[in-house]
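Enquirer: Below is one structure. I have some questions about it.
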Amino acid sequence: MFRFFSTSRQNRPDIAIDFGTANTRTVLRDGGIVFEQPTASCFSNKGGKELFLTAGTDAYDMLDRASGGLHIRRPLARGVVQDLDAASAYLQYVLKSVMGRLRLSRPSAMVGIPADATKAEASALRTVLSDAGFGRISLVKETYAAAIGAGLDIGAARASMIIECGAGTTEIAVFSIDGECLIRSVRGGGQSLDEALIEHMRARHHFLIGLRTAERLKHAISRQISLRVGDSSGIGADPSNHMVEIKGRDLRTGLPATRMLSASVFQPVFKKHLVPIVEATRGVLATIKPDLAADLLTGSIIATGGCASISLLSEMITNDTGLPIEAVNDEALCVSRGLETLMAG
């Protein structure tokens, strides 16, 4: 279905795509990242037929704002294709955006995919890539690309461990001697946390917010939690001292309104979302061979992906396992950087 990528220089792909649930990044061989936009497509409904209008940033800016016959569709859910038409249209948009740099009719592509994707899910991804105009297609496990992009020495005769925290899926993997020893996936990431925050505001505060507001709220709360977790002095350690502003609609009055809430009221939402990741991490550590486990005592678990900066995750994993966890710089770019390295051959 898909495997670790290896190829000769003559067969190197022309383009690499980190096709993410929330954002997509495109890397050209010897050209770096040339495309980075939200993964969203906009369609209009005219005469009962859906017509593609735009994608990327332009489509995302209309999320929760589009009216009438406009529909914003997200091509991926939980890391895999959920909407074939939206995915194909989006990838055509990507290809058109970079085509001037390629000068090829059907460029070959290397694309990241969750390690636990089924044959049907991998086949769906190949189909939309082919329909969008790409030629030869190679699928690479995102954890493998992320490990390389994070600078892990996966060829060393000692274990290294990575947690790739994406918007649609979170994957935990252990590598040793250029091979994957064990991997576990949690189908759920930053996007499901956004949805949990929306439900919390609706159920507990009778307040309705959209996906974009929920995403901003997630980042604001993460920053406040980071201040608490990183404060060794104890000053300001109580997150109830930190307030976040939330704009939306009051369900009692039906009118636009603003709420000021303590960041602490959202910690149970964050913890409930993060517990499956902590449990999966413990499951991996409990399953690997003793010598591999011993290797991990002298280093840190590396966290990559857009949600790796949530300090509460690091705190919970360290408290549960006793192992430190470290988010790398530009953690959201690790898969893209890894794909770029693999393209270089």
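Following the order of the structure tokens, chains are lettered A, B, ..., residues in each are numbered from 1, and ligands are numbered from 1.
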Excluding A:Met316 and its own-chain neighbours fewer than 5 positions away, which residues fall within 9 Å of it when counting only C-alpha atoms? Please give them as a ChimeraX atom specification.
Expert: /A:271,274-275,278,311,321
Enquirer: Once DSSP has gone over the backbone, tell me which residues of stretch 112-285 of chain A are in alpha helix (DSSP H), as a PyMOL selection string.
Expert: chain A and resi 119-132+142-149+190-205+211-229+267-285
Enquirer: Identify, on the basis of only C-alpha atoms, every residue whose closest approach to stretch 47-50 of chain A does not exceed 12 Å; exclude the query and any residue fewer than 2 positions from it along the same chain; express the result as a list in words.
Expert: Ser41, Cys42, Phe43, Ser44, Asn45, Phe52, Leu53, Gly69, Leu70, His71, Ile72, Arg73, Asp85, Ala86 and Ala89 of chain A
Enquirer: Dump as a Markdown table the rows for residues of stretch 192-301 of chain A within 9 Å of stretch 173-184 of chain A: closest atom pair and distance in Å with one decimal, only C-alpha atoms counted, ordered by chain and rising residue number.
Expert:
| residue | atom | partner | partner_atom | distance |
| --- | --- | --- | --- | --- |
| A:Ala280 | CA | A:Arg184 | CA | 6.6 |
| A:Thr281 | CA | A:Arg184 | CA | 8.0 |
| A:Gly283 | CA | A:Arg184 | CA | 8.3 |
| A:Val284 | CA | A:Arg184 | CA | 7.0 |
| A:Leu285 | CA | A:Val174 | CA | 8.8 |
| A:Thr287 | CA | A:Leu182 | CA | 8.3 |
| A:Ile288 | CA | A:Leu182 | CA | 7.1 |
| A:Leu292 | CA | A:Ser176 | CA | 8.0 |
Enquirer: In terms of the shortest atom-to-atom distance over only C-alpha atoms, which of A:Ile154, A:Ala122, A:Leu211, A:Ala327 is closest to A:Ala22?
Expert: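 Counting only C-alpha atoms, the residue closest to A:Ala22 is A:Leu211.
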